[in-house]
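**Q** Here you go, protein_36.cif (mmCIF, C-alpha atoms):
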data_model
loop_
_atom_site.label_atom_id
_atom_site.label_comp_id
_atom_site.auth_asym_id
_atom_site.auth_seq_id
_atom_site.Cartn_x
_atom_site.Cartn_y
_atom_site.Cartn_z
CA MET A 1 225.35 125.56 115.48
CA GLY A 2 223.43 127.50 112.93
CA SER A 3 222.20 124.34 111.23
CA LEU A 4 221.04 122.82 114.53
CA GLU A 5 219.06 125.94 115.43
CA ARG A 6 217.44 125.96 112.02
CA SER A 7 216.48 122.31 112.31
CA LYS A 8 214.98 122.93 115.78
CA LYS A 9 212.92 125.85 114.46
CA LYS A 10 211.58 123.69 111.62
CA VAL A 11 210.64 120.97 114.08
CA GLN A 12 208.82 123.50 116.29
CA LEU A 13 206.95 124.87 113.27
CA TRP A 14 205.93 121.34 112.28
CA LYS A 15 204.75 120.65 115.84
CA LYS A 16 202.68 123.85 115.91
CA ALA A 17 201.13 122.99 112.52
CA ILE A 18 200.30 119.45 113.66
CA VAL A 19 198.73 120.78 116.89
CA HIS A 20 196.66 123.33 114.99
CA PHE A 21 195.60 120.71 112.46
CA SER A 22 194.58 118.25 115.16
CA LEU A 23 192.61 120.93 117.04
CA CYS A 24 190.76 121.92 113.87
CA PHE A 25 190.09 118.26 113.09
CA VAL A 26 188.70 117.59 116.55
CA MET A 27 186.53 120.73 116.44
CA GLY A 28 185.15 119.80 113.04
CA PHE A 29 184.56 116.19 114.13
CA PHE A 30 182.49 117.12 117.16
CA THR A 31 180.72 119.92 115.31
CA GLY A 32 179.39 117.32 112.89
CA PHE A 33 177.58 115.54 115.74
CA ALA A 34 175.89 118.72 116.97
CA PRO A 35 172.06 118.97 116.21
CA THR A 36 171.32 121.16 113.23
CA GLY A 37 167.87 122.31 114.45
CA LYS A 38 169.10 124.32 117.40
CA ASP A 39 170.81 127.64 117.01
CA SER A 40 174.31 127.79 118.33
CA VAL A 41 175.79 130.59 120.33
CA PHE A 42 177.55 131.87 117.27
CA SER A 43 174.38 132.00 115.22
CA ASN A 44 172.62 133.77 118.05
CA HIS A 45 175.46 136.20 118.25
CA VAL A 46 175.38 136.85 114.53
CA ALA A 47 171.59 137.19 114.52
CA SER A 48 171.66 139.60 117.42
CA SER A 49 174.44 141.64 115.88
CA ASN A 50 172.63 141.81 112.55
CA ARG A 51 169.42 142.83 114.26
CA SER A 52 171.19 145.50 116.24
CA GLU A 53 172.60 146.91 113.03
CA SER A 54 169.29 146.85 111.18
CA SER A 55 166.99 148.04 113.98
CA PRO A 56 167.65 150.64 116.68
CA GLN A 57 165.74 148.66 119.32
CA PRO A 58 167.89 147.87 122.35
CA ILE A 59 168.59 144.28 123.42
CA GLU A 60 170.30 142.80 126.42
CA MET A 61 174.05 142.32 126.55
CA LEU A 62 175.36 138.86 125.65
CA HIS A 63 176.87 137.75 128.92
CA GLN A 64 176.09 134.00 128.90
CA GLU A 65 174.46 131.48 126.67
CA THR A 66 171.51 131.10 129.02
CA ASN A 67 170.90 134.82 129.03
CA ILE A 68 170.88 134.86 125.24
CA THR A 69 168.27 132.16 125.03
CA ARG A 70 166.07 133.69 127.72
CA SER A 71 166.22 137.17 126.22
CA LEU A 72 165.23 135.92 122.77
CA ILE A 73 162.36 133.84 124.18
CA ALA A 74 161.15 136.75 126.29
CA GLU A 75 161.13 139.08 123.31
CA ALA A 76 159.31 136.66 120.98
CA PRO A 77 155.52 136.42 121.54
CA VAL A 78 154.36 132.97 122.66
CA THR A 79 151.63 131.51 120.42
CA ILE A 80 149.61 128.30 120.94
CA PRO A 81 149.07 126.20 117.84
CA SER A 82 145.52 126.17 116.57
CA ARG A 83 145.39 122.39 116.88
CA HIS A 84 145.77 122.61 120.65
CA LYS A 85 143.03 125.24 120.77
CA ASP A 86 140.70 122.98 118.82
CA LEU A 87 141.43 120.10 121.20
CA GLU A 88 140.72 122.24 124.22
CA HIS A 89 137.52 123.48 122.59
CA THR A 90 136.29 119.97 121.85
CA GLU A 91 137.16 118.79 125.36
CA SER A 92 135.20 121.66 126.86
CA GLN A 93 132.23 120.86 124.61
CA GLU A 94 132.33 117.21 125.66
CA LYS A 95 132.31 118.21 129.33
CA VAL A 96 129.32 120.48 128.74
CA GLN A 97 127.47 117.72 126.86
CA GLU A 98 128.21 115.21 129.62
CA GLY A 99 126.75 117.61 132.15
CA THR A 100 123.60 118.28 130.09
CA GLN A 101 122.87 114.67 129.02
CA PRO A 102 120.08 113.06 131.07
CA SER A 103 120.83 109.90 133.00
CA LEU A 104 119.92 106.78 131.02
CA THR A 105 117.50 104.43 132.74
CA PRO A 106 117.49 100.74 131.80
CA LYS A 107 114.46 99.37 130.00
CA ARG A 108 112.10 97.18 131.97
CA PHE A 109 112.20 93.45 131.24
CA VAL A 110 109.22 92.13 129.25
CA ILE A 111 108.00 88.52 129.63
CA ILE A 112 105.64 87.36 126.89
CA VAL A 113 103.69 84.14 127.52
CA THR A 114 102.17 82.32 124.55
CA PRO A 115 100.21 79.06 124.90
CA THR A 116 99.95 76.98 121.74
CA SER A 117 98.48 73.68 120.63
CA SER A 118 99.79 71.16 118.11
CA LYS A 119 96.15 70.43 117.18
CA ASP A 120 95.95 73.81 115.46
CA GLN A 121 96.73 73.35 111.77
CA PHE A 122 97.88 77.00 111.55
CA GLN A 123 100.21 76.71 114.55
CA GLY A 124 103.43 77.08 112.55
CA VAL A 125 102.17 80.00 110.46
CA LEU A 126 100.81 81.95 113.42
CA LEU A 127 103.89 81.23 115.52
CA ARG A 128 106.20 82.59 112.81
CA ARG A 129 104.03 85.67 112.34
CA LEU A 130 104.07 86.44 116.07
CA ALA A 131 107.83 85.80 116.18
CA ASN A 132 108.36 88.37 113.40
CA THR A 133 106.52 90.92 115.52
CA ILE A 134 108.39 90.14 118.74
CA ARG A 135 111.69 90.29 116.87
CA LEU A 136 111.10 94.01 116.31
CA VAL A 137 110.82 94.69 120.04
CA PRO A 138 114.09 95.95 121.55
CA PRO A 139 115.57 93.86 124.38
CA PRO A 140 115.43 92.92 127.19
CA LEU A 141 112.66 90.47 126.40
CA LEU A 142 111.85 86.81 127.09
CA TRP A 143 109.34 84.77 125.10
CA ILE A 144 107.86 81.77 126.96
CA VAL A 145 106.08 79.34 124.65
CA VAL A 146 104.10 76.48 126.22
CA GLU A 147 102.71 73.39 124.50
CA ALA A 148 101.70 69.83 125.27
CA LYS A 149 104.22 67.07 124.82
CA SER A 150 104.15 65.62 121.31
CA ASP A 151 106.30 63.77 118.80
CA SER A 152 106.55 66.84 116.59
CA ASN A 153 109.49 69.23 117.00
CA GLU A 154 108.10 71.94 114.72
CA VAL A 155 107.82 74.51 117.52
CA SER A 156 111.42 73.94 118.60
CA LYS A 157 112.70 74.42 115.04
CA ILE A 158 110.74 77.64 114.63
CA LEU A 159 111.92 79.10 117.93
CA ARG A 160 115.58 78.32 117.22
CA LYS A 161 115.43 80.34 114.00
CA THR A 162 113.75 83.43 115.46
CA GLY A 163 116.82 85.00 117.09
CA ILE A 164 114.70 85.79 120.17
CA MET A 165 115.55 84.83 123.73
CA TYR A 166 112.94 82.18 124.50
CA ARG A 167 112.05 79.30 126.79
CA HIS A 168 110.08 76.37 125.46
CA LEU A 169 107.99 74.65 128.17
CA VAL A 170 106.28 71.28 127.69
CA PHE A 171 103.73 69.54 129.92
CA LYS A 172 102.52 65.92 129.95
CA GLU A 173 98.91 66.28 131.15
CA ASN A 174 96.04 65.48 128.76
CA PHE A 175 92.92 67.65 128.50
CA THR A 176 89.64 67.26 126.72
CA ASP A 177 88.50 70.81 127.47
CA PRO A 178 90.55 73.25 125.33
CA GLU A 179 89.80 76.16 127.65
CA ALA A 180 91.13 74.24 130.67
CA GLU A 181 94.19 73.24 128.65
CA MET A 182 95.05 76.85 127.78
CA ASP A 183 94.55 77.90 131.39
CA HIS A 184 96.90 75.11 132.49
CA GLN A 185 99.53 76.29 130.00
CA ARG A 186 99.44 79.77 131.49
CA ASN A 187 99.83 78.29 134.96
CA VAL A 188 102.87 76.33 133.76
CA ALA A 189 104.45 79.55 132.50
CA LEU A 190 103.65 81.48 135.70
CA LYS A 191 105.05 78.65 137.82
CA HIS A 192 108.27 78.82 135.81
CA ILE A 193 108.47 82.59 136.37
CA GLU A 194 107.90 82.10 140.08
CA GLN A 195 110.48 79.34 140.52
CA HIS A 196 113.19 81.21 138.62
CA ARG A 197 112.24 84.62 140.08
CA LEU A 198 112.07 86.31 136.70
CA SER A 199 111.53 90.01 137.25
CA GLY A 200 109.60 91.89 134.58
CA ILE A 201 106.19 92.75 133.14
CA VAL A 202 104.14 89.71 132.15
CA HIS A 203 101.86 89.79 129.09
CA PHE A 204 99.79 86.94 127.66
CA ALA A 205 100.07 87.04 123.88
CA GLY A 206 97.82 84.78 121.83
CA LEU A 207 98.94 83.51 118.45
CA SER A 208 96.18 85.46 116.72
CA ASN A 209 97.14 88.79 118.32
CA VAL A 210 98.17 91.70 116.10
CA TYR A 211 100.25 94.49 117.67
CA ASP A 212 101.20 98.08 117.18
CA ILE A 213 104.95 97.92 117.83
CA GLY A 214 104.66 100.92 120.17
CA PHE A 215 102.51 98.80 122.47
CA PHE A 216 105.60 97.16 123.98
CA ASP A 217 107.12 100.54 124.83
CA GLN A 218 103.95 101.35 126.76
CA LEU A 219 104.04 97.92 128.38
CA ARG A 220 107.44 98.71 129.93
CA GLU A 221 105.91 101.71 131.72
CA ILE A 222 103.75 99.51 133.96
CA GLU A 223 104.74 99.61 137.62
CA VAL A 224 102.23 97.20 139.20
CA PHE A 225 99.16 96.48 137.03
CA GLY A 226 98.26 97.83 133.62
CA THR A 227 95.31 97.41 131.29
CA TRP A 228 94.41 98.46 127.74
CA PRO A 229 91.63 97.95 125.20
CA ILE A 230 91.63 95.26 122.52
CA ALA A 231 89.73 95.15 119.23
CA LEU A 232 88.19 91.77 118.38
CA LEU A 233 87.96 91.14 114.64
CA SER A 234 86.34 88.29 112.79
CA ALA A 235 87.12 87.17 109.26
CA ASN A 236 83.49 86.54 108.30
CA GLU A 237 81.86 89.45 110.11
CA LYS A 238 82.07 93.12 109.17
CA LYS A 239 82.15 94.39 112.73
CA VAL A 240 84.61 95.18 115.51
CA VAL A 241 84.01 94.54 119.20
CA ILE A 242 86.02 96.54 121.73
CA GLU A 243 86.97 95.03 125.07
CA GLY A 244 88.87 96.66 127.87
CA PRO A 245 88.83 99.72 130.09
CA VAL A 246 87.27 103.13 129.75
CA CYS A 247 89.75 105.67 131.08
CA ASP A 248 90.12 109.26 132.10
CA SER A 249 93.76 109.79 131.16
CA SER A 250 95.37 106.74 132.80
CA GLN A 251 92.68 106.25 135.47
CA VAL A 252 90.25 103.37 134.83
CA ILE A 253 86.67 104.63 135.31
CA GLY A 254 84.71 101.87 133.57
CA TRP A 255 84.73 98.98 131.14
CA HIS A 256 83.47 98.14 127.68
CA LEU A 257 80.82 95.64 128.84
CA ARG A 258 79.06 92.99 126.84
CA LYS A 259 76.15 90.84 127.95
CA MET A 260 77.15 89.20 131.22
CA ASN A 261 76.32 85.57 131.81
CA ASN A 262 75.31 86.23 135.38
CA GLU A 263 73.59 89.46 136.35
CA SER A 264 74.81 89.08 139.94
CA ASP A 265 78.42 89.01 138.77
CA THR A 266 79.60 92.60 139.04
CA ARG A 267 83.16 91.89 137.97
CA PRO A 268 83.88 93.03 134.41
CA PRO A 269 85.04 90.32 131.96
CA ILE A 270 88.69 91.24 131.33
CA HIS A 271 90.26 89.61 128.31
CA ILE A 272 93.40 87.65 129.13
CA SER A 273 95.44 89.76 126.69
CA THR A 274 94.21 93.11 128.00
CA PHE A 275 96.18 93.32 131.23
CA GLY A 276 99.80 93.01 132.36
CA PHE A 277 101.38 92.84 135.77
CA ASN A 278 104.68 92.91 137.60
CA SER A 279 106.00 89.36 137.95
CA SER A 280 107.26 90.01 141.47
CA ILE A 281 103.71 89.47 142.72
CA LEU A 282 104.32 85.75 142.11
CA TRP A 283 107.64 85.24 143.88
CA ASP A 284 107.55 88.16 146.34
CA PRO A 285 103.95 88.22 147.64
CA GLU A 286 104.91 89.76 150.98
CA ARG A 287 105.74 92.92 149.10
CA TRP A 288 102.05 93.05 148.18
CA GLY A 289 100.87 91.98 151.63
CA ARG A 290 99.39 88.67 150.46
CA PRO A 291 101.48 85.74 151.78
CA SER A 292 98.40 83.63 152.64
CA ALA A 293 96.87 84.00 149.19
CA VAL A 294 99.89 82.35 147.57
CA GLN A 295 99.43 79.21 149.65
CA LYS A 296 95.72 79.15 148.81
CA TYR A 297 96.36 79.44 145.05
CA SER A 298 99.70 77.64 144.94
CA GLN A 299 98.41 75.31 142.19
CA ASN A 300 96.60 78.01 140.22
CA SER A 301 98.67 81.14 139.73
CA MET A 302 96.25 82.53 137.15
CA ARG A 303 93.42 82.58 139.69
CA PHE A 304 95.67 84.40 142.14
CA VAL A 305 96.62 87.03 139.57
CA LYS A 306 93.02 87.58 138.53
CA GLN A 307 91.91 87.91 142.15
CA VAL A 308 94.53 90.59 142.82
CA VAL A 309 93.59 92.44 139.64
CA PHE A 310 89.84 92.36 140.32
CA GLU A 311 90.20 93.08 144.02
CA ASP A 312 91.18 96.71 143.65
CA GLU A 313 90.67 98.43 140.31
CA THR A 314 92.50 101.52 141.54
CA LYS A 315 95.73 99.58 141.09
CA LEU A 316 95.05 99.29 137.37
CA LYS A 317 96.60 101.98 135.20
CA GLY A 318 95.45 102.41 131.64
CA ILE A 319 97.97 102.55 128.84
CA PRO A 320 98.82 104.59 126.89
CA PRO A 321 98.65 106.98 129.88
CA ASP A 322 97.67 110.01 127.79
CA ASP A 323 94.85 108.25 125.91
CA CYS A 324 93.79 104.85 127.22
CA SER A 325 91.14 104.50 124.50
CA LYS A 326 93.80 104.18 121.80
CA ILE A 327 93.74 100.72 120.21
CA MET A 328 97.21 99.17 119.99
CA LEU A 329 96.20 95.48 120.08
CA TRP A 330 93.89 93.51 117.79
CA ARG A 331 92.67 89.94 117.94
CA LEU A 332 91.76 88.20 114.69
CA TYR A 333 89.33 85.29 114.66
CA PHE A 334 89.31 82.93 111.71
CA SER A 335 86.16 81.66 110.06
CA SER A 336 84.73 78.67 111.82
CA GLU A 337 83.89 77.12 108.46
CA THR A 338 87.52 76.54 107.56
CA SER A 339 88.27 74.15 110.36
CA THR A 340 86.87 73.11 113.69
CA ILE A 341 90.44 73.17 115.05
CA ASN A 342 90.57 76.93 114.58
CA HIS A 343 87.66 77.24 116.96
CA LEU A 344 89.70 75.23 119.48
CA GLN A 345 92.31 78.00 119.46
CA THR A 346 89.83 80.80 119.97
CA ALA A 347 87.56 79.10 122.50
CA ALA A 348 90.54 77.94 124.55
CA LEU A 349 91.77 81.42 125.35
CA ASP A 350 88.66 83.02 126.79
CA ALA A 351 85.52 81.78 124.94
CA THR A 352 84.93 85.28 123.61
CA GLN A 353 83.75 84.14 120.21
CA LYS A 354 80.61 82.68 121.79
CA GLU A 355 79.88 86.02 123.40
CA ILE A 356 80.34 87.84 120.09
CA ARG A 357 77.79 85.51 118.49
CA GLY A 358 75.46 86.21 121.41
CA ILE A 359 75.71 89.93 120.70
CA LYS A 360 74.92 89.31 117.05
CA LYS A 361 71.76 87.37 117.92
CA PHE A 362 70.82 89.94 120.54
#
Go ahead and render the structure in this file as structure tokens.
**A**
Amino acid sequence: MGSLERSKKKVQLWKKAIVHFSLCFVMGFFTGFAPTGKDSVFSNHVASSNRSESSPQPIEMLHQETNITRSLIAEAPVTIPSRHKDLEHTESQEKVQEGTQPSLTPKRFVIIVTPTSSKDQFQGVLLRRLANTIRLVPPPLLWIVVEAKSDSNEVSKILRKTGIMYRHLVFKENFTDPEAEMDHQRNVALKHIEQHRLSGIVHFAGLSNVYDIGFFDQLREIEVFGTWPIALLSANEKKVVIEGPVCDSSQVIGWHLRKMNNESDTRPPIHISTFGFNSSILWDPERWGRPSAVQKYSQNSMRFVKQVVFEDETKLKGIPPDDCSKIMLWRLYFSSETSTINHLQTAALDATQKEIRGIKKF
């Protein structure tokens, strides 16, 4: 009996040891999976007990785990990281800047019309020079180049290399009068603008024109009609002739007049490059109260535009608006001795070289 009881006691001891071992193993196994970043209840208890021993400040009783966490969070001051403060500061600055920034208005579309002739031996040179100027003008901009039909494709090659949005128009009619040919080219361009309802400010730019780049910024400010002075230069004459308006601020009060061909003609001779207009007058004439005039001048848009411009000078606004007498456009005439074809270019636009010679003789 004694041996059986002893053996039973040993078995019970072994069972207790195995149970204790298994419990410790399970506890250690699951403790290994617990996150190391968070404080456990035991660490909180030890920290609170150590703090109570070191400092006399009272703390709450440790009733539950949730109470421990809440009490420690309540006692610790809450601080916001500086990075979040910087983000909030920058966001507030952006909101203030958005509120103070003025509303951006789109730039007005500019339509530049340039007639050219293959008979001009300097056509390629002058076309490239004008293209280099127009390339500096910020968009939106359209360059309409008109020429007579020919076997040469020099103009097309030059325009393709400019990087400018352009339209190359060609006509088949033959002319013996260079002035009539240039006027027809402008009509071809205006008819194209009318048919496609291109909305913008139209300006006639000759190949021999020289520009201040700020001129095109002023051109965009035109609402209906605008005008400006031009300086006529000649390569073989040491003189400058001014054409265009005389203004009081932006109000046209007179014109730089030369000798008129007809004393009864009271209309001032406006150079073709010294005025610009809103293209909607071509394809939306009812807006201007002139539907009958379009039918009358359906084949000659240039005559219609000139009639509207001359009809009421109060519609004309001088640019720049602060000082209309400022010269921002020059016209260079080449010596007539170099080539008779050069004179074709100048006489075709407005026959102003003849008038300059008349002044010289006068």
**Q** Could you list the residues chosen by the PyMOL selection byres ((chain A and resi 146) around 9) in this structure as a list of chain:residue names?
**A**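 Those residues are A:Val113, A:Thr114, A:Pro115, A:Thr116, A:Ser117, A:Ile144, A:Val145, A:Glu147, A:Ala148, A:Arg167, A:His168, A:Leu169, A:Val170, A:Phe171, A:Gln185, A:Arg186, A:Val188, A:Ala189.
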**Q** Separation of CA of Trp283 (chain A) and CA of Arg303 (chain A), in Å?
**A**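 Between CA of Trp283 (chain A) and CA of Arg303 (chain A) the gap works out to 15.1 Å.
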**Q** Take the PyMOL selection byres ((chain A and resi 196-199) around 10), run it mentally on this structure, and tell me the resulting residues as a PyMOL selection string.
**A** chain A and resi 108-111+142+190-195+200-202+278-284
**Q** Which residues are near region 125-131 of chain A? Cut-off 8 Å, all atoms listed in the file, ignore same chain within fewer than 6 positions. Put them as a CSV table (one decimal) with C-alpha atoms, keeping the file's coordinate frame.
**A**
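Dumped to around.csv:
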chain,number,residue,atom,x,y,z
A,158,ILE,CA,110.7,77.6,114.6
A,162,THR,CA,113.8,83.4,115.5
A,164,ILE,CA,114.7,85.8,120.2
A,207,LEU,CA,98.9,83.5,118.4
A,208,SER,CA,96.2,85.5,116.7
A,209,ASN,CA,97.1,88.8,118.3
A,210,VAL,CA,98.2,91.7,116.1
**Q** Using only C-alpha atoms, which of A:Ser325, A:Ser234, A:Gln218, A:Ser150 sits nearest Lys107 (chain A)?
**A**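 Nearest candidate to Lys107 (chain A) out of A:Ser325, A:Ser234, A:Gln218, A:Ser150: A:Gln218.
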**Q** Fix up region 16-27 of chain A with all heavy atoms, then write it as a PDB file, in the frame of the given file.
**A**
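For reference, selection_9.pdb as written:
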ATOM      1  N   LYS A  16     203.788 122.905 115.831  1.00  0.00           N
ATOM      2  CA  LYS A  16     202.680 123.850 115.910  1.00  0.00           C
ATOM      3  C   LYS A  16     201.609 123.568 114.844  1.00  0.00           C
ATOM      4  O   LYS A  16     200.404 123.622 115.099  1.00  0.00           O
ATOM      5  CB  LYS A  16     203.188 125.273 115.779  1.00  0.00           C
ATOM      6  CG  LYS A  16     203.984 125.747 116.980  1.00  0.00           C
ATOM      7  CD  LYS A  16     204.448 127.185 116.773  1.00  0.00           C
ATOM      8  CE  LYS A  16     205.249 127.669 117.996  1.00  0.00           C
ATOM      9  NZ  LYS A  16     205.706 129.056 117.811  1.00  0.00           N
ATOM     10  N   ALA A  17     202.073 123.259 113.618  1.00  0.00           N
ATOM     11  CA  ALA A  17     201.130 122.990 112.520  1.00  0.00           C
ATOM     12  C   ALA A  17     200.315 121.730 112.804  1.00  0.00           C
ATOM     13  O   ALA A  17     199.096 121.680 112.554  1.00  0.00           O
ATOM     14  CB  ALA A  17     201.904 122.844 111.203  1.00  0.00           C
ATOM     15  N   ILE A  18     201.016 120.705 113.348  1.00  0.00           N
ATOM     16  CA  ILE A  18     200.300 119.450 113.660  1.00  0.00           C
ATOM     17  C   ILE A  18     199.270 119.683 114.767  1.00  0.00           C
ATOM     18  O   ILE A  18     198.140 119.164 114.724  1.00  0.00           O
ATOM     19  CB  ILE A  18     201.305 118.358 114.060  1.00  0.00           C
ATOM     20  CG1 ILE A  18     202.132 117.958 112.831  1.00  0.00           C
ATOM     21  CG2 ILE A  18     200.602 117.148 114.642  1.00  0.00           C
ATOM     22  CD1 ILE A  18     203.311 117.046 113.145  1.00  0.00           C
ATOM     23  N   VAL A  19     199.662 120.486 115.802  1.00  0.00           N
ATOM     24  CA  VAL A  19     198.730 120.780 116.890  1.00  0.00           C
ATOM     25  C   VAL A  19     197.517 121.545 116.379  1.00  0.00           C
ATOM     26  O   VAL A  19     196.354 121.236 116.711  1.00  0.00           O
ATOM     27  CB  VAL A  19     199.447 121.557 118.009  1.00  0.00           C
ATOM     28  CG1 VAL A  19     198.436 122.075 119.040  1.00  0.00           C
ATOM     29  CG2 VAL A  19     200.476 120.682 118.686  1.00  0.00           C
ATOM     30  N   HIS A  20     197.769 122.565 115.548  1.00  0.00           N
ATOM     31  CA  HIS A  20     196.660 123.330 114.990  1.00  0.00           C
ATOM     32  C   HIS A  20     195.758 122.458 114.128  1.00  0.00           C
ATOM     33  O   HIS A  20     194.522 122.545 114.172  1.00  0.00           O
ATOM     34  CB  HIS A  20     197.198 124.496 114.171  1.00  0.00           C
ATOM     35  CG  HIS A  20     197.819 125.560 115.014  1.00  0.00           C
ATOM     36  ND1 HIS A  20     198.599 126.590 114.459  1.00  0.00           N
ATOM     37  CD2 HIS A  20     197.819 125.789 116.352  1.00  0.00           C
ATOM     38  CE1 HIS A  20     199.038 127.370 115.428  1.00  0.00           C
ATOM     39  NE2 HIS A  20     198.567 126.894 116.599  1.00  0.00           N
ATOM     40  N   PHE A  21     196.367 121.597 113.335  1.00  0.00           N
ATOM     41  CA  PHE A  21     195.600 120.710 112.460  1.00  0.00           C
ATOM     42  C   PHE A  21     194.722 119.746 113.281  1.00  0.00           C
ATOM     43  O   PHE A  21     193.551 119.527 112.981  1.00  0.00           O
ATOM     44  CB  PHE A  21     196.558 119.915 111.561  1.00  0.00           C
ATOM     45  CG  PHE A  21     195.850 118.906 110.704  1.00  0.00           C
ATOM     46  CD1 PHE A  21     195.148 119.290 109.566  1.00  0.00           C
ATOM     47  CD2 PHE A  21     195.879 117.556 111.041  1.00  0.00           C
ATOM     48  CE1 PHE A  21     194.498 118.355 108.793  1.00  0.00           C
ATOM     49  CE2 PHE A  21     195.223 116.627 110.267  1.00  0.00           C
ATOM     50  CZ  PHE A  21     194.536 117.017 109.130  1.00  0.00           C
ATOM     51  N   SER A  22     195.335 119.190 114.332  1.00  0.00           N
ATOM     52  CA  SER A  22     194.580 118.250 115.160  1.00  0.00           C
ATOM     53  C   SER A  22     193.424 118.938 115.891  1.00  0.00           C
ATOM     54  O   SER A  22     192.324 118.380 116.027  1.00  0.00           O
ATOM     55  CB  SER A  22     195.504 117.567 116.164  1.00  0.00           C
ATOM     56  OG  SER A  22     196.116 118.538 117.014  1.00  0.00           O
ATOM     57  N   LEU A  23     193.689 120.181 116.383  1.00  0.00           N
ATOM     58  CA  LEU A  23     192.610 120.930 117.040  1.00  0.00           C
ATOM     59  C   LEU A  23     191.462 121.216 116.081  1.00  0.00           C
ATOM     60  O   LEU A  23     190.282 121.064 116.419  1.00  0.00           O
ATOM     61  CB  LEU A  23     193.164 122.227 117.621  1.00  0.00           C
ATOM     62  CG  LEU A  23     194.066 122.095 118.854  1.00  0.00           C
ATOM     63  CD1 LEU A  23     194.642 123.453 119.235  1.00  0.00           C
ATOM     64  CD2 LEU A  23     193.267 121.518 120.033  1.00  0.00           C
ATOM     65  N   CYS A  24     191.820 121.646 114.863  1.00  0.00           N
ATOM     66  CA  CYS A  24     190.760 121.920 113.870  1.00  0.00           C
ATOM     67  C   CYS A  24     189.986 120.643 113.512  1.00  0.00           C
ATOM     68  O   CYS A  24     188.760 120.654 113.331  1.00  0.00           O
ATOM     69  CB  CYS A  24     191.385 122.532 112.626  1.00  0.00           C
ATOM     70  SG  CYS A  24     192.048 124.198 112.893  1.00  0.00           S
ATOM     71  N   PHE A  25     190.732 119.522 113.425  1.00  0.00           N
ATOM     72  CA  PHE A  25     190.090 118.260 113.090  1.00  0.00           C
ATOM     73  C   PHE A  25     189.097 117.834 114.187  1.00  0.00           C
ATOM     74  O   PHE A  25     187.974 117.396 113.912  1.00  0.00           O
ATOM     75  CB  PHE A  25     191.154 117.175 112.881  1.00  0.00           C
ATOM     76  CG  PHE A  25     190.573 115.822 112.607  1.00  0.00           C
ATOM     77  CD1 PHE A  25     190.075 115.497 111.346  1.00  0.00           C
ATOM     78  CD2 PHE A  25     190.505 114.870 113.605  1.00  0.00           C
ATOM     79  CE1 PHE A  25     189.532 114.253 111.108  1.00  0.00           C
ATOM     80  CE2 PHE A  25     189.966 113.624 113.372  1.00  0.00           C
ATOM     81  CZ  PHE A  25     189.487 113.309 112.109  1.00  0.00           C
ATOM     82  N   VAL A  26     189.570 117.973 115.443  1.00  0.00           N
ATOM     83  CA  VAL A  26     188.700 117.590 116.550  1.00  0.00           C
ATOM     84  C   VAL A  26     187.472 118.494 116.616  1.00  0.00           C
ATOM     85  O   VAL A  26     186.338 118.031 116.842  1.00  0.00           O
ATOM     86  CB  VAL A  26     189.487 117.633 117.875  1.00  0.00           C
ATOM     87  CG1 VAL A  26     188.559 117.465 119.069  1.00  0.00           C
ATOM     88  CG2 VAL A  26     190.557 116.562 117.876  1.00  0.00           C
ATOM     89  N   MET A  27     187.661 119.802 116.433  1.00  0.00           N
ATOM     90  CA  MET A  27     186.530 120.730 116.440  1.00  0.00           C
ATOM     91  C   MET A  27     185.526 120.407 115.339  1.00  0.00           C
ATOM     92  O   MET A  27     184.305 120.384 115.551  1.00  0.00           O
ATOM     93  CB  MET A  27     187.049 122.174 116.288  1.00  0.00           C
ATOM     94  CG  MET A  27     187.805 122.683 117.514  1.00  0.00           C
ATOM     95  SD  MET A  27     186.703 122.997 118.899  1.00  0.00           S
ATOM     96  CE  MET A  27     185.797 124.385 118.283  1.00  0.00           C
TER      97      MET A  27
END
